[in-house]
$ cat upload.cif   # mmCIF, C-alpha atoms
data_upload
#
loop_
_atom_site.label_atom_id
_atom_site.label_comp_id
_atom_site.auth_asym_id
_atom_site.auth_seq_id
_atom_site.Cartn_x
_atom_site.Cartn_y
_atom_site.Cartn_z
CA MET A 1 23.97 99.51 115.64
CA GLY A 2 27.59 99.20 114.52
CA GLY A 3 28.61 97.02 111.62
CA HIS A 4 31.76 95.57 113.21
CA GLY A 5 29.90 94.14 116.18
CA ILE A 6 27.46 92.40 113.87
CA GLU A 7 30.27 90.93 111.81
CA THR A 8 31.75 89.42 114.98
CA ASN A 9 28.37 87.92 115.88
CA VAL A 10 27.98 86.43 112.43
CA ALA A 11 31.43 84.89 112.54
CA ALA A 12 30.75 83.43 115.96
CA THR A 13 27.59 81.67 114.81
CA LEU A 14 29.12 79.87 111.82
CA THR A 15 28.89 76.13 112.07
CA SER A 16 32.15 74.30 112.59
CA SER A 17 31.69 72.32 109.38
CA ALA A 18 31.30 75.45 107.24
CA ALA A 19 34.29 77.07 108.89
CA SER A 20 36.58 74.12 108.29
CA VAL A 21 35.70 73.12 104.72
CA SER A 22 37.28 74.93 101.77
CA LEU A 23 35.16 75.89 98.78
CA ALA A 24 36.77 73.20 96.63
CA ARG A 25 35.70 70.50 99.12
CA SER A 26 32.30 71.89 100.07
CA ARG A 27 29.67 69.50 98.64
CA ASN A 28 26.82 71.92 99.28
CA TYR A 29 28.57 74.89 97.71
CA LEU A 30 29.68 72.92 94.63
CA LEU A 31 26.16 71.57 94.07
CA LEU A 32 24.72 75.07 94.37
CA LEU A 33 27.30 76.36 91.90
CA ALA A 34 26.75 73.53 89.39
CA GLY A 35 22.98 73.86 89.45
CA GLN A 36 23.18 77.59 88.91
CA VAL A 37 25.55 77.30 85.95
CA VAL A 38 23.20 74.91 84.14
CA SER A 39 20.03 76.83 84.99
CA GLN A 40 21.46 80.18 83.97
CA MET A 41 22.57 78.87 80.59
CA GLY A 42 18.92 78.28 79.80
CA ASP A 43 17.94 81.64 81.25
CA ARG A 44 20.25 83.53 78.88
CA LEU A 45 18.58 81.97 75.89
CA ALA A 46 15.11 82.77 77.25
CA MET A 47 16.09 86.34 78.15
CA VAL A 48 16.90 87.01 74.50
CA ALA A 49 13.83 85.12 73.28
CA PHE A 50 11.26 86.95 75.45
CA PRO A 51 11.85 90.54 74.19
CA TRP A 52 12.37 89.32 70.62
CA LEU A 53 9.07 87.42 70.74
CA VAL A 54 7.16 90.48 71.94
CA TYR A 55 8.91 92.97 69.65
CA ALA A 56 8.39 90.73 66.61
CA ARG A 57 4.67 90.45 67.40
CA THR A 58 3.95 94.07 68.36
CA GLY A 59 6.76 96.29 67.02
CA SER A 60 6.25 98.35 70.19
CA THR A 61 9.14 99.67 72.28
CA LEU A 62 6.77 100.17 75.24
CA ASP A 63 5.46 96.58 75.10
CA THR A 64 9.03 95.30 74.89
CA GLY A 65 9.99 97.38 77.93
CA VAL A 66 7.00 95.97 79.81
CA ILE A 67 7.98 92.33 79.19
CA LEU A 68 11.49 93.11 80.43
CA ALA A 69 10.12 94.89 83.49
CA LEU A 70 7.92 91.91 84.38
CA TYR A 71 11.10 90.08 85.39
CA THR A 72 11.62 92.54 88.24
CA LEU A 73 8.18 93.87 89.19
CA PRO A 74 7.28 90.90 91.47
CA TYR A 75 10.19 91.81 93.75
CA VAL A 76 8.32 95.01 94.58
CA LEU A 77 5.09 93.18 95.33
CA PHE A 78 6.39 90.07 97.07
CA GLY A 79 10.01 90.76 98.09
CA ALA A 80 9.36 91.56 101.76
CA PHE A 81 6.86 88.68 102.06
CA ALA A 82 9.38 86.28 100.52
CA GLY A 83 11.99 87.41 103.05
CA VAL A 84 9.87 86.17 105.94
CA ILE A 85 9.28 82.82 104.22
CA ILE A 86 13.01 82.46 103.59
CA ASP A 87 13.89 83.05 107.26
CA ARG A 88 11.11 80.76 108.54
CA PHE A 89 11.48 77.69 106.36
CA ASP A 90 14.08 75.30 104.96
CA LYS A 91 15.99 77.42 102.44
CA ARG A 92 16.92 74.50 100.22
CA ARG A 93 13.29 73.40 99.89
CA VAL A 94 12.21 76.95 99.06
CA MET A 95 14.75 77.02 96.21
CA VAL A 96 13.75 73.57 94.89
CA ALA A 97 10.07 74.54 94.86
CA ALA A 98 10.87 77.77 92.98
CA ASP A 99 12.91 75.87 90.36
CA VAL A 100 10.23 73.24 89.75
CA LEU A 101 7.53 75.89 89.46
CA ARG A 102 9.56 77.93 86.99
CA ALA A 103 10.24 74.83 84.88
CA GLY A 104 6.52 74.25 84.51
CA LEU A 105 5.75 77.89 83.74
CA ILE A 106 8.45 78.37 81.11
CA ALA A 107 7.39 75.13 79.40
CA LEU A 108 3.93 76.68 78.89
CA VAL A 109 5.25 79.77 77.06
CA PRO A 110 5.39 78.18 73.56
CA ILE A 111 1.79 77.03 73.99
CA ALA A 112 0.58 80.40 75.28
CA ALA A 113 2.43 82.33 72.55
CA SER A 114 0.50 80.47 69.84
CA TRP A 115 -2.86 81.87 70.95
CA SER A 116 -2.46 84.83 73.32
CA LEU A 117 0.35 87.33 73.81
CA PRO A 118 -1.18 88.58 77.10
CA ALA A 119 -0.85 85.00 78.37
CA VAL A 120 2.91 85.27 77.74
CA TYR A 121 2.95 88.39 79.93
CA VAL A 122 1.16 86.48 82.70
CA LEU A 123 3.59 83.57 82.51
CA SER A 124 6.55 85.95 82.56
CA PHE A 125 5.15 87.62 85.66
CA LEU A 126 4.54 84.29 87.41
CA MET A 127 8.06 83.09 86.60
CA ALA A 128 9.53 86.27 87.99
CA SER A 129 7.36 85.84 91.09
CA ALA A 130 8.87 82.40 91.69
CA ALA A 131 12.34 83.92 91.25
CA VAL A 132 11.54 86.32 94.11
CA PHE A 133 11.74 83.32 96.42
CA PHE A 134 14.86 81.84 94.79
CA GLU A 135 17.39 84.66 94.38
CA PRO A 136 17.26 86.12 97.93
CA THR A 137 17.34 82.57 99.33
CA LYS A 138 20.50 81.82 97.39
CA LEU A 139 22.18 84.83 98.96
CA ALA A 140 20.80 84.05 102.42
CA ILE A 141 21.85 80.39 102.43
CA LEU A 142 25.45 81.11 101.44
CA PRO A 143 26.65 82.19 104.93
CA GLU A 144 25.19 78.93 106.28
CA ILE A 145 27.26 76.71 103.97
CA VAL A 146 30.41 78.83 103.57
CA ALA A 147 32.83 80.13 106.20
CA HIS A 148 32.74 83.84 107.05
CA ASP A 149 36.27 84.48 105.78
CA ARG A 150 35.50 82.78 102.45
CA LEU A 151 32.31 84.69 101.64
CA LEU A 152 33.91 87.21 99.28
CA ARG A 153 35.60 84.46 97.29
CA ALA A 154 32.44 82.30 97.36
CA ASN A 155 30.40 85.19 95.97
CA SER A 156 33.00 85.89 93.31
CA VAL A 157 33.10 82.25 92.17
CA LEU A 158 29.30 82.12 91.98
CA THR A 159 29.39 85.33 89.97
CA THR A 160 32.11 83.87 87.74
CA GLY A 161 29.86 80.91 86.98
CA ASP A 162 26.99 83.28 86.32
CA ASN A 163 29.11 85.30 83.95
CA LEU A 164 30.44 82.27 82.12
CA THR A 165 26.84 81.48 81.28
CA GLU A 166 26.33 85.05 80.09
CA VAL A 167 29.29 84.81 77.73
CA LEU A 168 28.28 81.39 76.39
CA GLY A 169 24.51 81.72 76.73
CA TYR A 170 24.00 85.17 75.23
CA GLY A 171 26.69 84.54 72.65
CA LEU A 172 24.90 81.41 71.46
CA ALA A 173 21.38 82.79 71.87
CA GLY A 174 21.49 85.11 68.88
CA ALA A 175 22.94 82.43 66.64
CA ILE A 176 20.52 79.75 67.87
CA LEU A 177 17.44 81.93 67.49
CA ALA A 178 18.49 82.81 63.96
CA VAL A 179 18.16 79.17 62.84
CA VAL A 180 15.61 77.48 65.15
CA PRO A 181 12.05 78.34 66.25
CA ILE A 182 11.95 80.78 69.13
CA THR A 183 9.86 78.33 71.18
CA THR A 184 12.92 76.06 71.47
CA ALA A 185 14.56 78.55 73.85
CA PHE A 186 11.76 78.20 76.38
CA ARG A 187 11.80 74.40 76.29
CA ILE A 188 15.54 74.34 76.93
CA ASP A 189 15.15 76.70 79.87
CA ALA A 190 12.50 74.41 81.44
CA VAL A 191 14.92 71.47 81.43
CA THR A 192 17.72 73.53 83.03
CA PHE A 193 15.47 74.54 85.93
CA LEU A 194 14.87 70.87 86.68
CA VAL A 195 18.62 70.20 86.63
CA SER A 196 19.10 72.99 89.18
CA ALA A 197 16.36 71.53 91.40
CA LEU A 198 18.04 68.11 91.29
CA ALA A 199 21.41 69.58 92.30
CA LEU A 200 19.81 71.33 95.28
CA MET A 201 18.06 68.13 96.37
CA LEU A 202 21.45 66.42 96.53
CA MET A 203 22.75 68.96 99.07
CA ARG A 204 23.25 67.84 102.68
CA TYR A 205 21.58 70.75 104.37
CA GLN A 206 19.57 71.11 107.56
CA LYS A 207 17.75 74.31 108.37
CA PRO A 208 18.88 76.17 111.52
CA ALA A 209 16.82 75.30 114.59
CA ARG A 210 15.95 78.96 115.16
CA ALA A 211 13.87 79.00 111.95
CA ALA A 212 11.36 76.61 113.51
CA GLN A 213 11.39 78.47 116.83
CA ARG A 214 10.12 81.64 115.15
CA ALA A 215 7.08 79.97 113.60
CA ALA A 216 4.77 81.17 116.37
CA ARG A 217 5.84 84.82 116.06
CA SER A 218 3.70 87.39 114.32
CA PHE A 219 4.12 87.27 110.54
CA GLY A 220 3.44 91.00 110.34
CA ARG A 221 6.13 91.74 112.90
CA GLU A 222 8.70 89.73 110.98
CA LEU A 223 7.59 91.39 107.77
CA ARG A 224 8.46 94.79 109.23
CA GLU A 225 11.81 93.76 110.70
CA GLY A 226 13.71 93.60 107.42
CA MET A 227 12.72 97.11 106.33
CA SER A 228 13.26 98.41 109.87
CA TYR A 229 16.83 97.10 109.86
CA LEU A 230 17.53 98.88 106.56
CA ARG A 231 16.23 102.16 107.98
CA HIS A 232 18.08 102.07 111.30
CA HIS A 233 21.47 100.60 110.40
CA ARG A 234 23.41 103.59 109.07
CA GLY A 235 25.72 101.60 106.85
CA MET A 236 22.93 99.56 105.28
CA LEU A 237 20.78 102.66 104.79
CA ALA A 238 23.56 104.51 102.96
CA ASN A 239 24.42 101.43 100.91
CA THR A 240 20.78 100.87 99.93
CA VAL A 241 20.28 104.48 98.82
CA MET A 242 23.40 104.21 96.65
CA VAL A 243 22.22 100.96 95.06
CA LEU A 244 18.74 102.37 94.43
CA GLY A 245 20.15 105.29 92.45
CA ALA A 246 22.33 103.03 90.34
CA ALA A 247 19.48 100.56 89.76
CA ALA A 248 17.42 103.30 88.13
CA GLY A 249 20.10 103.97 85.54
CA LEU A 250 20.85 100.29 84.90
CA GLY A 251 17.17 99.48 84.49
CA ALA A 252 16.74 102.09 81.80
CA SER A 253 19.84 100.86 79.98
CA TYR A 254 18.44 97.32 79.56
CA PRO A 255 15.71 98.09 76.98
CA LEU A 256 17.97 100.78 75.50
CA THR A 257 20.54 98.08 74.75
CA PHE A 258 17.93 96.10 72.82
CA PHE A 259 16.84 99.14 70.79
CA LEU A 260 20.45 100.23 70.17
CA ALA A 261 21.16 96.81 68.67
CA VAL A 262 17.93 96.36 66.69
CA ASP A 263 17.00 99.89 65.59
CA VAL A 264 19.91 102.33 65.91
CA LEU A 265 22.77 100.11 64.71
CA ASP A 266 20.49 97.84 62.63
CA GLY A 267 22.17 94.70 63.95
CA GLY A 268 19.04 92.71 64.77
CA VAL A 269 18.73 90.12 67.53
CA GLU A 270 22.26 88.90 66.75
CA ALA A 271 23.69 92.28 67.83
CA PHE A 272 21.64 92.20 71.02
CA GLY A 273 23.13 88.79 71.76
CA ILE A 274 26.62 90.17 71.10
CA PHE A 275 26.08 93.10 73.49
CA GLU A 276 24.75 90.84 76.23
CA ALA A 277 27.65 88.46 75.67
CA ALA A 278 30.10 91.38 75.98
CA ILE A 279 28.50 92.37 79.28
CA GLY A 280 28.80 88.74 80.38
CA ALA A 281 32.46 88.62 79.36
CA GLY A 282 33.10 91.74 81.42
CA PHE A 283 31.27 90.17 84.35
CA LEU A 284 33.50 87.14 83.99
CA LEU A 285 36.71 89.17 83.98
CA GLY A 286 35.56 91.20 86.97
CA SER A 287 34.51 88.19 89.03
CA ILE A 288 37.77 86.38 88.30
CA GLY A 289 39.66 89.52 89.34
CA VAL A 290 37.74 89.67 92.62
CA ALA A 291 38.35 85.96 93.27
CA LEU A 292 42.09 86.46 92.78
CA THR A 293 42.27 89.59 94.97
CA ALA A 294 39.59 88.71 97.55
CA THR A 295 41.88 89.13 100.56
CA ARG A 296 43.06 92.57 99.40
CA LEU A 297 39.96 94.05 97.80
CA HIS A 298 38.51 97.12 99.53
CA LYS A 299 34.73 96.66 99.34
CA GLY A 300 33.88 100.34 99.80
CA LEU A 301 36.07 101.56 96.96
CA ALA A 302 35.00 98.64 94.76
CA MET A 303 31.36 99.72 95.13
CA THR A 304 31.85 103.45 94.60
CA ILE A 305 34.52 103.59 91.91
CA GLY A 306 32.91 100.65 90.14
CA LEU A 307 29.63 102.57 89.76
CA ALA A 308 31.45 105.64 88.43
CA ILE A 309 33.26 103.55 85.80
CA MET A 310 30.06 101.75 84.82
CA GLY A 311 28.21 105.01 84.32
CA ALA A 312 31.01 106.47 82.22
CA ALA A 313 30.96 103.41 79.95
CA LEU A 314 27.22 103.79 79.38
CA VAL A 315 27.71 107.42 78.39
CA THR A 316 30.29 106.47 75.72
CA LEU A 317 27.66 104.32 73.97
CA ALA A 318 26.10 107.57 72.78
CA VAL A 319 28.92 107.96 70.25
CA ALA A 320 29.48 104.33 69.24
CA PRO A 321 28.97 104.18 65.43
CA THR A 322 28.98 100.41 64.92
CA VAL A 323 28.12 97.18 66.70
CA GLY A 324 31.81 96.34 66.96
CA LEU A 325 32.79 99.63 68.60
CA ALA A 326 29.79 99.51 70.95
CA THR A 327 30.91 96.12 72.25
CA LEU A 328 33.87 97.51 74.27
CA PRO A 329 31.81 99.85 76.50
CA PHE A 330 29.42 96.97 77.19
CA LEU A 331 32.43 94.87 78.23
CA VAL A 332 33.47 97.61 80.69
CA VAL A 333 29.90 97.86 82.02
CA GLY A 334 29.91 94.15 82.78
CA LEU A 335 33.33 94.22 84.43
CA ALA A 336 32.50 97.13 86.71
CA ASN A 337 29.04 95.77 87.49
CA SER A 338 30.51 92.45 88.56
CA VAL A 339 32.91 94.07 91.01
CA VAL A 340 30.16 96.28 92.44
CA LEU A 341 27.67 93.44 92.89
CA ILE A 342 30.14 91.10 94.57
CA ALA A 343 31.27 93.83 96.96
CA VAL A 344 27.68 94.83 97.77
CA ASP A 345 26.47 91.23 98.31
CA THR A 346 29.42 90.42 100.57
CA TYR A 347 28.94 93.61 102.57
CA VAL A 348 25.30 92.73 103.26
CA GLN A 349 26.11 89.11 104.16
CA MET A 350 28.84 90.18 106.59
CA VAL A 351 26.91 92.98 108.28
CA VAL A 352 23.39 91.60 108.68
CA PRO A 353 22.73 88.96 111.39
CA ARG A 354 22.04 85.58 109.82
CA GLU A 355 18.59 85.26 111.36
CA LEU A 356 17.60 88.49 109.56
CA LEU A 357 19.27 87.89 106.20
CA GLY A 358 16.20 86.58 104.37
CA ARG A 359 14.04 89.53 105.43
CA VAL A 360 16.74 92.09 104.73
CA TRP A 361 17.41 90.63 101.29
CA GLY A 362 13.66 90.52 100.63
CA ALA A 363 13.28 94.18 101.58
CA ARG A 364 16.34 95.17 99.55
CA PHE A 365 15.15 93.30 96.48
CA ALA A 366 11.72 94.91 96.81
CA LEU A 367 13.26 98.37 96.79
CA THR A 368 16.04 97.94 94.24
CA GLN A 369 14.09 95.77 91.82
CA GLY A 370 11.17 98.19 92.10
CA ALA A 371 13.42 101.03 91.00
CA TYR A 372 14.87 98.79 88.28
CA ALA A 373 11.47 97.64 86.97
CA LEU A 374 10.09 101.17 86.83
CA SER A 375 13.14 102.45 84.99
CA VAL A 376 12.96 99.53 82.50
CA ILE A 377 9.41 100.57 81.61
CA VAL A 378 10.33 104.26 81.48
CA GLY A 379 13.41 103.52 79.36
CA GLY A 380 11.34 101.47 76.91
CA ALA A 381 8.67 104.18 76.69
CA LEU A 382 11.15 107.03 76.24
CA ALA A 383 12.96 105.11 73.50
CA GLY A 384 9.88 105.62 71.35
CA VAL A 385 10.08 109.40 71.84
CA PHE A 386 13.74 110.39 72.27
CA ASP A 387 17.02 109.42 70.66
CA VAL A 388 18.32 106.22 72.22
CA ARG A 389 21.85 107.65 72.30
CA VAL A 390 20.76 110.64 74.38
CA LEU A 391 18.96 108.30 76.76
CA PHE A 392 22.18 106.31 77.23
CA VAL A 393 23.86 109.51 78.44
CA ALA A 394 21.09 110.05 80.99
CA ALA A 395 21.26 106.42 82.14
CA GLY A 396 25.04 106.63 82.55
CA VAL A 397 24.76 109.73 84.69
CA LEU A 398 22.15 108.04 86.90
CA VAL A 399 24.57 105.15 87.51
CA ALA A 400 27.73 107.20 88.03
CA VAL A 401 26.44 109.92 90.35
CA PRO A 402 25.53 107.61 93.29
CA GLY A 403 29.02 106.12 93.21
CA ILE A 404 30.71 109.52 93.12
CA VAL A 405 28.54 110.88 95.95
CA ALA A 406 29.12 107.72 98.01
CA LEU A 407 32.87 108.37 97.97
CA PHE A 408 32.15 111.14 100.48
CA VAL A 409 30.03 108.88 102.75
CA ALA A 410 32.24 107.19 105.34
CA GLN A 411 29.84 104.30 105.99
CA ILE A 412 30.16 103.22 102.35
CA ARG A 413 33.68 104.36 101.47
CA ASP A 414 35.26 102.65 104.49
CA ALA A 415 33.23 99.43 104.28
#
$ encode --input "upload.cif" --output "structure tokens"
Amino acid sequence: MGGHGIETNVAATLTSSAASVSLARSRNYLLLLAGQVVSQMGDRLAMVAFPWLVYARTGSTLDTGVILALYTLPYVLFGAFAGVIIDRFDKRRVMVAADVLRAGLIALVPIAASWSLPAVYVLSFLMASAAVFFEPTKLAILPEIVAHDRLLRANSVLTTGDNLTEVLGYGLAGAILAVVPITTAFRIDAVTFLVSALALMLMRYQKPARAAQRAARSFGRELREGMSYLRHHRGMLANTVMVLGAAAGLGASYPLTFFLAVDVLDGGVEAFGIFEAAIGAGFLLGSIGVALTATRLHKGLAMTIGLAIMGAALVTLAVAPTVGLATLPFLVVGLANSVVLIAVDTYVQMVVPRELLGRVWGARFALTQGAYALSVIVGGALAGVFDVRVLFVAAGVLVAVPGIVALFVAQIRDA
């Protein structure tokens, strides 16, 4: 099945309202953007607090890697299932329910942490499970509220908002956690989830009629359709294989970043916050660059060359002697990652038929987040055995090689 024919079909099915309203005047898009900015600010604080809480209690690199992996493991277990739910039901309501559930779960973390660390693991897993229904839905709903020719810019602006929260959120997280109880981070995050849910409830959105028409179809059949599309569409298959390879390297680099900051460079949680903020700043620069060059950006080259640059930056961390000098490679990692992610997301949204987007995203998340979660655990475990700097070289190679190889694959290079 050719990609260009699908793109034409997608464009033809856009509603007239989405096609005629610019991003700056799109109520639904602006509400989605605003809710995400607020919610993600809280997430950045919690993402620093979770590994610090576990590491402070256990001193174990493996346990810390596990808590980080729990954010992605549910995508493996529930990703494909969530894809069917997303395509069947009102996408806005699915997102609101996920936000409200996560608010309740994160609010319980301070209570659970006071009497049982395993309970914190359970809550982390349940929160990540709710996110399985939110993140793919956000990507699937975008083509329904934004015109086809504005998707690249819409994705880049969403990513810019995301990255602004990384710069501000991670930058403040280290400083905040140095002076206030760690439980405060989780309470703040709970409030931001509720703000996001409120913003989504204010959207004027009506689910496509075809979602209700499919209700009588076999759930098992729909469950298989997303994975089947990935296998049989040549462009999506090649793109997915490339992303899987890169996800393995990026997953390993996440716990390695924590241990580089805390153990190798002896910078503590403040250094981890600085590194994450640098990645966020790079994300911000990259997303702004994509927004400004959206009409001229070549998606295929952005994906492939971006991965090669990201991998090279990870390798250079092996020789960074101080926190300050390590910050620049993390900035480059964020910048390249932003460009790659925006190009990949837009490619999927433009190629896959809208009625299949939820299931395809669910299947993709199951595969890529599975690779990511496994590599997070492996990276955390290996950090207790091997030099963290050597492991950064291995992680960088894992990220760069898929991009370099993909340069010779026409379905990706010419996307």
$ resolve_selection --input "upload.cif" --expression "the PyMOL selection byres ((chain A and resi 44) around 10)" --output "list in words"
Ser39, Gln40, Met41, Gly42, Asp43, Leu45, Ala46, Met47, Val48, Ala49, Thr165, Glu166, Val167, Leu168, Gly169, Tyr170, Gly171, Leu172, Ala173, Ala185, Asp189, Gly273, Glu276 and Ala277 of chain A
$ residues_around --input "upload.cif" --residues "segment 326-334 of chain A" --least-positions-apart "4" --cutoff "12 Å" --atoms "all atoms listed in the file" --output "PyMOL selection string"
chain A and resi 159-160+162-164+166-167+250+253-254+257+260-261+264-265+267+271-287+306-322+338-341+389+392+396+399-400
$ atom_distance --input "upload.cif" --atom1 "atom CA of Pro255 of chain A" --atom2 "atom CA of Gly380 of chain A"
5.5 Å
$ closest_residue --input "upload.cif" --among "A:Gly379, A:Gly251, A:Pro143, A:Phe193" --to "Val100 of chain A" --atoms "all atoms listed in the file"
A:Phe193
$ resolve_selection --input "upload.cif" --expression "the PyMOL selection byres ((chain A and resi 91) around 12)" --output "PyMOL selection string"
chain A and resi 82-90+92-98+133-145+200-201+203+205-208+211+357-358
$ atom_distance --input "upload.cif" --atom1 "atom CA of Tyr121 of chain A" --atom2 "atom CA of Val54 of chain A"
9.3 Å
$ closest_residue --input "upload.cif" --among "A:Phe258, A:Phe81, A:Trp115, A:Trp361" --to "Gly220 of chain A" --atoms "only C-alpha atoms"
A:Phe81
$ resolve_selection --input "upload.cif" --expression "the PyMOL selection byres ((chain A and resi 150-158) around 9)" --output "PyMOL selection string"
chain A and resi 19+22-23+29+32-33+36-37+139+142-143+146-149+159-163+286-295+338-339+342-343+345-347+349-350
$ write_last_selection --input "upload.cif" --atoms "C-alpha atoms" --output "tab-separated table (two decimals), in the coordinates of the input"
chain	number	residue	atom	x	y	z
A	19	ALA	CA	34.29	77.07	108.89
A	22	SER	CA	37.28	74.93	101.77
A	23	LEU	CA	35.16	75.89	98.78
A	29	TYR	CA	28.57	74.89	97.71
A	32	LEU	CA	24.72	75.07	94.37
A	33	LEU	CA	27.30	76.36	91.90
A	36	GLN	CA	23.18	77.59	88.91
A	37	VAL	CA	25.55	77.30	85.95
A	139	LEU	CA	22.18	84.83	98.96
A	142	LEU	CA	25.45	81.11	101.44
A	143	PRO	CA	26.65	82.19	104.93
A	146	VAL	CA	30.41	78.83	103.57
A	147	ALA	CA	32.83	80.13	106.20
A	148	HIS	CA	32.74	83.84	107.05
A	149	ASP	CA	36.27	84.48	105.78
A	159	THR	CA	29.39	85.33	89.97
A	160	THR	CA	32.11	83.87	87.74
A	161	GLY	CA	29.86	80.91	86.98
A	162	ASP	CA	26.99	83.28	86.32
A	163	ASN	CA	29.11	85.30	83.95
A	286	GLY	CA	35.56	91.20	86.97
A	287	SER	CA	34.51	88.19	89.03
A	288	ILE	CA	37.77	86.38	88.30
A	289	GLY	CA	39.66	89.52	89.34
A	290	VAL	CA	37.74	89.67	92.62
A	291	ALA	CA	38.35	85.96	93.27
A	292	LEU	CA	42.09	86.46	92.78
A	293	THR	CA	42.27	89.59	94.97
A	294	ALA	CA	39.59	88.71	97.55
A	295	THR	CA	41.88	89.13	100.56
A	338	SER	CA	30.51	92.45	88.56
A	339	VAL	CA	32.91	94.07	91.01
A	342	ILE	CA	30.14	91.10	94.57
A	343	ALA	CA	31.27	93.83	96.96
A	345	ASP	CA	26.47	91.23	98.31
A	346	THR	CA	29.42	90.42	100.57
A	347	TYR	CA	28.94	93.61	102.57
A	349	GLN	CA	26.11	89.11	104.16
A	350	MET	CA	28.84	90.18	106.59
$ residues_near_point --input "upload.cif" --point "(21.0, 87.3, 66.7)" --cutoff "6 Å" --atoms "only C-alpha atoms" --output "ChimeraX atom specification"
/A:174-175,178,269-271,273
$ atom_distance --input "upload.cif" --atom1 "atom CA of Ile182 of chain A" --atom2 "atom CA of Leu53 of chain A"
7.4 Å
$ build_atoms --input "upload.cif" --residues "segment 382-394 of chain A" --atoms "N, CA and C atoms" --output "tab-separated table (two decimals), in the coordinates of the input"
chain	number	residue	atom	x	y	z
A	382	LEU	N	10.43	105.86	76.74
A	382	LEU	CA	11.15	107.03	76.24
A	382	LEU	C	11.89	106.75	74.94
A	383	ALA	N	12.26	105.47	74.74
A	383	ALA	CA	12.96	105.11	73.50
A	383	ALA	C	12.08	105.33	72.28
A	384	GLY	N	10.77	105.36	72.47
A	384	GLY	CA	9.88	105.62	71.35
A	384	GLY	C	9.69	107.10	71.08
A	385	VAL	N	10.25	107.95	71.96
A	385	VAL	CA	10.08	109.40	71.84
A	385	VAL	C	11.39	110.12	71.61
A	386	PHE	N	12.44	109.71	72.33
A	386	PHE	CA	13.74	110.39	72.27
A	386	PHE	C	14.80	109.50	71.62
A	387	ASP	N	15.89	110.14	71.24
A	387	ASP	CA	17.02	109.42	70.66
A	387	ASP	C	17.62	108.48	71.70
A	388	VAL	N	17.78	107.22	71.31
A	388	VAL	CA	18.32	106.22	72.22
A	388	VAL	C	19.70	106.61	72.73
A	389	ARG	N	20.49	107.26	71.89
A	389	ARG	CA	21.85	107.65	72.30
A	389	ARG	C	21.81	108.68	73.43
A	390	VAL	N	20.90	109.63	73.32
A	390	VAL	CA	20.76	110.64	74.38
A	390	VAL	C	20.31	109.98	75.68
A	391	LEU	N	19.45	109.00	75.57
A	391	LEU	CA	18.96	108.30	76.76
A	391	LEU	C	20.08	107.50	77.42
A	392	PHE	N	21.03	107.01	76.64
A	392	PHE	CA	22.18	106.31	77.23
A	392	PHE	C	23.02	107.26	78.08
A	393	VAL	N	23.13	108.52	77.65
A	393	VAL	CA	23.86	109.51	78.44
A	393	VAL	C	23.16	109.71	79.79
A	394	ALA	N	21.85	109.86	79.75
A	394	ALA	CA	21.09	110.05	80.99
A	394	ALA	C	21.21	108.84	81.91
